[in-house]
Structure formats: structure tokens, C-alpha cells
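Structure record follows, encoded as C-alpha cells.
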Amino acid sequence: MSRLSPVISCVYRWSSRVIWRSPPTHPSFPGLPRVLAAGKKDLIHLPVLNEDELEEQFVRGSGPGGQATNKTSNCVVLKHIPTGIVVKCHQTRSVDTNRKRARDIMREKLDIRHKGELSEVLVKKKESEMRKQEKRRKVNENLERKRQFKEALATSSETGKDPV
């Protein structure tokens with residue numbers, strides 16, 4: 001859970017509507033809302049972007065989508081002048097959304113460049129990979145146990161003994 005989670009407000013999505021509700025309060029901070037942060041929202045130590053150091057261009061996107069993609073310039077190319085890092089974002093048809101996402105990606109890339117292996121993005125990615133590996137290991141162990149049980153069951157049925 002993030003350290004700033006008591007300050008963030010609650011939003012619940014239902015279909016295409018956004019429903020606001022009064023958030024519960026945090027026991028340590030009465031009067032302030034409590035929200036569990038999830039995903040990239042809890043990356044709070046990313047560097048702040050200075051707009052003077054950014055060069056932004058809007059170019060035509062590519063990929064699937066046909067005429068809607070080929071005729072509109074909604075792909076955002078963001079360049080951080082001091083470091084030379086370039087980010088290209090064409091995830092949605094909305095220019096505003098692409099601008100926001102490009103800045104988020106730029107902040108993550110700058111964090112990786114400045115902190116290296118200690119950056120929050122890489123640490124969270126490694127934690128996620130470790131959880132996946134542990135889950136895969138447990139699944140393989142269970143499959144091996146099932147296989148051994150079936151073999152024991154098969155051999156016991158051949159000899160006429162009870163497997164358990």
C-alpha cells in the first residue's frame with residue numbers, strides 16, 4: 001500500500017459511467033480518505049517532468065485501424081532534450097490520453113535511467129516475475145504429485161493393493 005493512499009480519493013467504474021462515492025476514512029488520519037493503491041498508481045517516487053525540457057510532436061499513427069488511424073495525427077512523440085530519450089505513444093485514438101500516457105512512460109524511463117537497478121519500475125517488475133515463478137513452481141509441484149499419485153494408483157490396481 002502506498003504512503004499517499006490516505007490522500008487519494010475513491011473512484012468506482014461501472015460500465016462507461018464513473019460513480020463517485022464518499023471514501024472510508026483511514027484510522028491513522030481521521031477525516032482523510034483511505035484507498036488501496038493498485039498497479040502503477042503507487043509509483044510515487046518517479047521524477048517530475050519539466051515541460052521546458054520536453055519536445056512534443058504529433059505524428060500520424062500506424063498499425064491496425066485503417067482510415068481512422070492513417071488520417072489523424074494522434075500519435076505523440078515526446079523527446080526529453082537533456083537525455084535524448086524518445087517516447088512514442090499511440091495507444092488510443094485520443095490525443096489527450098496519448099499525451100498523458102507518453103508522459104507517464106517518459107517518467108518511468110527517466111527513473112530507470114537515473115536510478116538503474118534500484119528504480120521502482122524495475123523493482124516492481126522483478127517482484128512480479130518472482131511471484132509468477134513461485135506460482136509456476138507450485139503448479140509444477142502439484143502436477144508432479146498428481147502424476148505420482150496416478151502412477152501409485154495404477155501400480156496398486158495391477159497388484160490389487162489399496163494405494164492409500
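Convention: chains lettered A, B, ... in C-alpha cells order; per-chain residue numbering from 1; ligands numbered from 1 as shown.
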With a distance cut-off of 8 Å and only C-alpha atoms, select the neighbouring residues of Val59 in chain A, excluding the residue or stretch itself and same-chain residues fewer than 3 positions from it, and output the selection as a list in words.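 Answer for this query is Ser73, Asn74, Cys75, Val76 and Val77 of chain A.
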Which residues come within 10 Å of range 121-127 of chain A, counting only C-alpha atoms, excluding same-chain residues fewer than 4 positions away, as a PDB file with C-alpha atoms, in the first residue's frame?
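Dumped to result-v4.pdb:
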ATOM      1  CA  GLY A  39      -0.752  -1.036 -10.303  1.00  0.00           C
ATOM      2  CA  LYS A  40       1.254   1.936 -11.461  1.00  0.00           C
ATOM      3  CA  LEU A  43       4.732   4.561  -8.087  1.00  0.00           C
ATOM      4  CA  HIS A  45       8.866   8.397  -6.370  1.00  0.00           C
ATOM      5  CA  LEU A  46       9.114   8.889 -10.133  1.00  0.00           C
ATOM      6  CA  GLU A 108       9.347   5.668 -15.937  1.00  0.00           C
ATOM      7  CA  LYS A 109      12.186   5.714 -18.476  1.00  0.00           C
ATOM      8  CA  ASP A 111      13.547   6.828 -13.395  1.00  0.00           C
ATOM      9  CA  ILE A 112      15.229   3.767 -14.901  1.00  0.00           C
ATOM     10  CA  LYS A 115      18.337   5.007 -10.578  1.00  0.00           C
ATOM     11  CA  GLY A 116      19.280   2.000 -12.696  1.00  0.00           C
ATOM     12  CA  GLU A 117      18.542  -1.322 -10.971  1.00  0.00           C
ATOM     13  CA  ARG A 131       5.657 -14.117  -7.856  1.00  0.00           C
ATOM     14  CA  LYS A 132       4.985 -15.660 -11.282  1.00  0.00           C
ATOM     15  CA  GLN A 133       7.964 -18.013 -10.929  1.00  0.00           C
TER      16      GLN A 133
END
Give the helix (DSSP H, G or I) residues of range 74-158 of chain A, as DSSP finds them on the backbone, and put them as a PyMOL selection string. chain A and resi 95-118+120-158
I'd like the contact shell of Gly84 in chain A - 12 Å cut-off, only C-alpha atoms, skipping same-chain residues fewer than 2 positions apart - returned as a ChimeraX atom specification. /A:53-55,78-82,86-87,106,109-110,113
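As for CA of Glu158 in chain A and CA of Asn142 in chain A, they are spaced 24.4 Å apart.
Going from CA of Ala68 in chain A over to CA of Arg103 in chain A, you cover 23.6 Å.
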Take CA of Gly63 in chain A and CA of Ile85 in chain A and report the distance between them in Å, one decimal.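 Straight-line distance from CA of Gly63 in chain A to CA of Ile85 in chain A works out to 22.8 Å.
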Extract the full set of strand (DSSP E or B) residues from range 48-149 of chain A according to DSSP on the backbone, and format it as a VMD selection string. chain A and resid 54 to 59 75 to 80 85 to 89
Go ahead and save the residues from that selection, with C-alpha atoms, as a PDB file, in the first residue's frame.
ATOM      1  CA  LEU A  54      10.351  18.238 -23.398  1.00  0.00           C
ATOM      2  CA  GLU A  55       9.864  18.439 -27.132  1.00  0.00           C
ATOM      3  CA  GLU A  56       6.458  17.191 -28.255  1.00  0.00           C
ATOM      4  CA  GLN A  57       5.297  16.280 -31.750  1.00  0.00           C
ATOM      5  CA  PHE A  58       2.058  14.874 -33.070  1.00  0.00           C
ATOM      6  CA  VAL A  59       2.512  12.476 -35.952  1.00  0.00           C
ATOM      7  CA  CYS A  75       0.400   9.650 -32.128  1.00  0.00           C
ATOM      8  CA  VAL A  76       2.521  11.550 -29.597  1.00  0.00           C
ATOM      9  CA  VAL A  77       6.312  11.635 -29.897  1.00  0.00           C
ATOM     10  CA  LEU A  78       7.908  13.016 -26.744  1.00  0.00           C
ATOM     11  CA  LYS A  79      11.629  13.768 -26.519  1.00  0.00           C
ATOM     12  CA  HIS A  80      13.500  14.613 -23.326  1.00  0.00           C
ATOM     13  CA  ILE A  85      15.167   9.739 -24.560  1.00  0.00           C
ATOM     14  CA  VAL A  86      12.332   9.474 -27.104  1.00  0.00           C
ATOM     15  CA  VAL A  87       8.909   8.011 -26.326  1.00  0.00           C
ATOM     16  CA  LYS A  88       6.250   7.297 -28.947  1.00  0.00           C
ATOM     17  CA  CYS A  89       2.717   6.661 -27.732  1.00  0.00           C
TER      18      CYS A  89
END
Using only C-alpha atoms, which residue out of A:Leu49, A:Glu129, A:Arg93, A:Ser157 lies closest to Ile105 in chain A? A:Leu49
